[in-house]
$ cat protein_34.txt   # compact mmCIF, C-alpha atoms and all ligand atoms
# COMPACT_ATOMS: atom_id res chain seq x y z
CA MET A 21 230.26 203.57 95.40
CA ARG A 22 228.86 204.38 91.97
CA ALA A 23 229.60 201.84 89.28
CA ARG A 24 230.21 204.58 86.73
CA PRO A 25 231.02 208.24 87.31
CA PRO A 26 229.23 210.90 85.20
CA THR A 27 230.41 211.73 81.66
CA PHE A 28 231.33 215.22 80.40
CA ASP A 29 232.30 216.67 77.03
CA LYS A 30 234.20 219.62 78.51
CA PHE A 31 237.34 218.99 80.51
CA ARG A 32 236.49 221.94 82.76
CA ASP A 33 233.40 220.00 83.86
CA VAL A 34 235.57 216.94 84.44
CA GLN A 35 237.81 219.03 86.70
CA ALA A 36 234.81 220.26 88.68
CA GLU A 37 233.55 216.68 89.11
CA LEU A 38 237.02 215.57 90.25
CA GLU A 39 236.90 218.28 92.91
CA ARG A 40 233.49 217.00 94.04
CA THR A 41 233.83 213.22 93.87
CA GLY A 42 237.33 212.31 92.62
CA ALA A 43 236.26 210.54 89.39
CA ALA A 44 234.66 211.44 86.04
CA ILE A 45 234.55 210.31 82.43
CA PHE A 46 235.76 212.63 79.66
CA ARG A 47 234.28 212.10 76.19
CA ASP A 48 236.45 213.67 73.51
CA THR A 49 235.35 215.00 70.11
CA ASP A 50 235.78 211.51 68.56
CA GLY A 51 233.48 210.04 71.19
CA VAL A 52 236.30 208.24 73.01
CA GLU A 53 235.53 208.01 76.72
CA SER A 54 238.35 208.14 79.27
CA LEU A 55 237.99 207.50 82.97
CA VAL A 56 239.76 210.32 84.83
CA ILE A 57 240.56 210.16 88.52
CA LYS A 58 241.91 212.60 91.04
CA PHE A 59 245.31 211.34 92.12
CA PRO A 60 246.90 213.42 94.88
CA TYR A 61 250.66 213.52 94.56
CA GLN A 62 253.14 215.55 96.54
CA ILE A 63 256.89 215.78 96.72
CA ASN A 64 259.13 218.32 98.41
CA TYR A 65 262.12 219.43 96.40
CA ILE A 66 265.07 220.98 98.19
CA HIS A 67 266.04 223.65 95.73
CA SER A 68 268.85 226.21 95.92
CA TYR A 69 268.54 229.43 93.93
CA ALA A 70 272.30 229.82 94.36
CA GLU A 71 273.50 232.91 92.46
CA ASP A 72 269.90 233.74 91.44
CA SER A 73 269.02 234.28 95.13
CA PRO A 74 269.08 238.11 95.01
CA PHE A 75 266.29 238.05 92.39
CA PHE A 76 263.93 236.06 94.64
CA LEU A 77 264.91 237.96 97.79
CA GLY A 78 264.24 241.15 95.80
CA LEU A 79 260.69 240.03 94.97
CA ALA A 80 260.00 239.71 98.71
CA GLU A 81 261.09 243.36 99.09
CA GLY A 82 258.97 244.57 96.19
CA LYS A 83 261.92 244.90 93.83
CA LEU A 84 262.61 243.50 90.40
CA LYS A 85 266.29 242.69 90.02
CA GLY A 86 267.76 242.63 86.56
CA SER A 87 271.33 241.84 85.62
CA LYS A 88 273.75 243.80 83.49
CA CYS A 89 276.91 242.61 81.74
CA ARG A 90 280.00 244.08 83.42
CA ARG A 91 282.04 244.16 80.24
CA VAL A 92 281.96 247.77 79.12
CA LYS A 93 282.08 246.97 75.41
CA CYS A 94 279.04 244.68 75.78
CA GLY A 95 276.87 245.95 78.64
CA PHE A 96 273.88 243.81 77.67
CA VAL A 97 270.99 244.28 80.11
CA PHE A 98 268.81 241.31 81.14
CA ALA A 99 265.36 241.42 82.72
CA THR A 100 265.83 237.89 84.07
CA PRO A 101 268.61 236.72 86.37
CA ARG A 102 271.81 235.83 84.54
CA SER A 103 274.98 235.38 86.54
CA HIS A 104 276.91 235.54 83.28
CA CYS A 105 276.14 237.42 80.10
CA MET A 106 274.48 235.27 77.45
CA VAL A 107 276.02 237.44 74.74
CA CYS A 108 279.70 237.51 75.75
CA GLY A 109 280.01 235.26 78.82
CA SER A 110 281.28 237.97 81.20
CA PRO A 111 279.97 238.19 84.79
CA THR A 112 276.95 240.41 85.35
CA GLU A 113 275.94 242.77 88.15
CA TRP A 114 272.53 243.35 89.70
CA PHE A 115 270.45 246.47 89.24
CA ASP A 116 266.87 247.45 90.05
CA LEU A 117 264.51 247.20 87.08
CA PRO A 118 261.72 249.77 86.81
CA LEU A 119 258.41 248.52 88.20
CA THR A 120 256.63 249.65 85.06
CA GLY A 121 256.99 248.29 81.57
CA ARG A 122 255.07 247.51 78.42
CA LEU A 123 253.34 244.41 77.16
CA HIS A 124 255.61 242.77 74.58
CA SER A 125 253.43 239.72 73.96
CA TRP A 126 251.03 237.46 75.84
CA THR A 127 249.20 234.17 75.79
CA THR A 128 245.92 233.30 77.47
CA CYS A 129 246.11 229.94 79.25
CA HIS A 130 242.91 227.92 79.43
CA PHE A 131 244.73 225.04 81.09
CA GLY A 132 247.67 225.01 83.43
CA SER A 133 249.68 223.01 85.89
CA GLU A 134 248.02 222.18 89.18
CA ALA A 135 249.10 225.38 90.92
CA PHE A 136 247.36 227.52 88.29
CA LEU A 137 244.28 225.46 87.41
CA LYS A 138 242.04 227.51 89.68
CA GLU A 139 243.16 230.73 87.94
CA THR A 140 242.33 229.59 84.39
CA PRO A 141 241.83 231.30 82.08
CA TYR A 142 244.77 233.53 82.97
CA ASN A 143 247.16 235.67 80.95
CA LEU A 144 250.90 235.10 80.78
CA ALA A 145 252.79 238.17 79.63
CA LEU A 146 256.24 238.97 78.32
CA VAL A 147 257.01 242.40 79.75
CA GLU A 148 259.59 244.72 78.23
CA PHE A 149 261.37 247.51 80.11
CA ALA A 150 262.93 250.67 78.70
CA GLY A 151 266.63 250.15 77.98
CA VAL A 152 266.54 246.43 78.78
CA GLY A 153 267.49 243.83 76.17
CA SER A 154 265.40 240.86 77.33
CA VAL A 155 261.85 240.41 78.54
CA LEU A 156 260.33 239.05 81.77
CA LEU A 157 257.67 236.32 81.86
CA ALA A 158 254.96 236.83 84.47
CA ARG A 159 251.22 236.62 84.94
CA LEU A 160 249.06 239.57 83.97
CA LYS A 161 246.09 240.06 86.30
CA ASP A 162 243.10 242.40 86.68
CA CYS A 163 242.32 242.29 82.96
CA VAL A 164 240.80 240.03 80.33
CA GLU A 165 242.29 239.02 77.00
CA SER A 166 240.19 241.53 75.03
CA ASP A 167 241.78 244.39 77.08
CA LEU A 168 245.29 243.52 75.93
CA TYR A 169 247.40 245.06 73.19
CA VAL A 170 251.09 245.09 72.34
CA GLY A 171 252.75 248.07 74.02
CA MET A 172 250.14 248.32 76.81
CA PRO A 173 251.64 249.96 79.93
CA VAL A 174 251.80 247.55 82.86
CA GLU A 175 253.10 247.73 86.39
CA ALA A 176 254.39 245.15 88.84
CA ARG A 177 252.52 243.89 91.90
CA PHE A 178 254.10 241.76 94.62
CA ASP A 179 252.70 239.12 96.93
CA PRO A 180 252.63 240.61 100.46
CA ASN A 181 253.24 237.05 101.73
CA PRO A 182 256.19 236.03 99.55
CA LYS A 183 256.85 232.37 98.77
CA TYR A 184 260.26 233.12 97.16
CA SER A 185 258.87 232.01 93.82
CA ILE A 186 258.44 233.73 90.46
CA THR A 187 254.72 233.83 91.30
CA ASP A 188 255.58 236.46 93.96
CA VAL A 189 255.38 239.02 91.15
CA TRP A 190 252.69 239.68 88.55
CA PHE A 191 251.66 242.65 86.46
CA VAL A 192 248.47 244.67 86.09
CA PRO A 193 247.49 247.34 83.55
CA SER A 194 248.85 250.68 84.81
CA GLY A 195 246.91 253.89 85.12
ZN ZN B 201 278.19 240.78 77.76

$ encode --input "protein_34.txt" --output "structure tokens"
Amino acid sequence: MRARPPTFDKFRDVQAELERTGAAIFRDTDGVESLVIKFPYQINYIHSYAEDSPFFLGLAEGKLKGSKCRRVKCGFVFATPRSHCMVCGSPTEWFDLPLTGRLHSWTTCHFGSEAFLKETPYNLALVEFAGVGSVLLARLKDCVESDLYVGMPVEARFDPNPKYSITDVWFVPSG
């Protein structure tokens, strides 16, 4: 056992050392040194999607399910599952969103939760669809930040081995 693990100024290097040996020291811009360890932690949640289930079952079939307010005078259209309209409170009904849309906004993540650390840096996009009143949050792959612009056409891709999670869908530049 080493008395003292190696020291790094970049947290990415700390992460790599944690993968290798399980311990590292991070020195921040003020010179403060913090011992960082790898601490495996796992818990299984039993989670019901309840009335959102059709959305996640749809992803497994290569479909994006949106929801539309049933009240004729409202008719608001959502790109994310809403059992009831957030505008007027009426029940909604499901419909198939187009698999193509446009980039509304994005952020490039240089850090992420454990599930996404290996993908960093990655792009998270808000995708807008023609005739739809809200946007969908998903990852944007097969591109780098300098490729991106507001209004860029994008299209959906689906995990061929679905996990019934929002990560079953992502977008790529289309064309
Ligand atoms: Zn409504």

$ closest_atom_pairs --input "protein_34.txt" --of "chain A" --to "ligand ZN 201 (chain B)" --cutoff "8 Å" --atoms "only C-alpha atoms and all ligand atoms" --output "CSV"
residue,atom,partner,partner_atom,distance
A:Lys88,CA,B:ZN201,ZN,7.9
A:Cys89,CA,B:ZN201,ZN,4.6
A:Arg90,CA,B:ZN201,ZN,6.8
A:Arg91,CA,B:ZN201,ZN,5.7
A:Lys93,CA,B:ZN201,ZN,7.7
A:Cys94,CA,B:ZN201,ZN,4.5
A:Gly95,CA,B:ZN201,ZN,5.4
A:Phe96,CA,B:ZN201,ZN,5.3
A:His104,CA,B:ZN201,ZN,7.7
A:Cys105,CA,B:ZN201,ZN,4.6
A:Met106,CA,B:ZN201,ZN,6.6
A:Val107,CA,B:ZN201,ZN,5.0
A:Cys108,CA,B:ZN201,ZN,4.1
A:Gly109,CA,B:ZN201,ZN,5.9
A:Ser110,CA,B:ZN201,ZN,5.4
A:Pro111,CA,B:ZN201,ZN,7.7
A:Thr112,CA,B:ZN201,ZN,7.7

$ closest_atom_pairs --input "protein_34.txt" --of "range 38-69 of chain A" --to "range 121-135 of chain A" --cutoff "12 Å" --atoms "all atoms listed in the file" --output "tab-separated table"
residue	atom	partner	partner_atom	distance
A:Lys58	CA	A:Glu134	CA	11.5
A:Phe59	CA	A:Glu134	CA	11.6
A:Pro60	CA	A:Glu134	CA	10.5
A:Tyr61	CA	A:Glu134	CA	10.5
A:Gln62	CA	A:Glu134	CA	11.2

$ residues_around --input "protein_34.txt" --residues "range 136-152 of chain A" --least-positions-apart "6" --cutoff "12 Å" --atoms "all atoms listed in the file" --output "JSON, numbers by chain"
{"A": [31, 32, 35, 36, 39, 84, 85, 86, 87, 88, 89, 95, 96, 97, 98, 99, 100, 115, 116, 117, 118, 119, 120, 121, 122, 123, 124, 125, 126, 127, 128, 129, 130, 158, 159, 160, 161, 162, 163, 164, 165, 166, 167, 168, 169, 170, 171, 172, 173, 174, 175, 176, 187, 189, 190, 191, 192, 193]}

$ atom_distance --input "protein_34.txt" --atom1 "CA of Lys30 in chain A" --atom2 "CA of Leu55 in chain A"
13.5 Å

$ residues_around --input "protein_34.txt" --residues "Val52 in chain A" --least-positions-apart "6" --cutoff "12 Å" --atoms "only C-alpha atoms" --output "ChimeraX atom specification"
/A:27-29,45-46

$ atom_distance --input "protein_34.txt" --atom1 "CA of Ala23 in chain A" --atom2 "CA of Ala44 in chain A"
11.3 Å
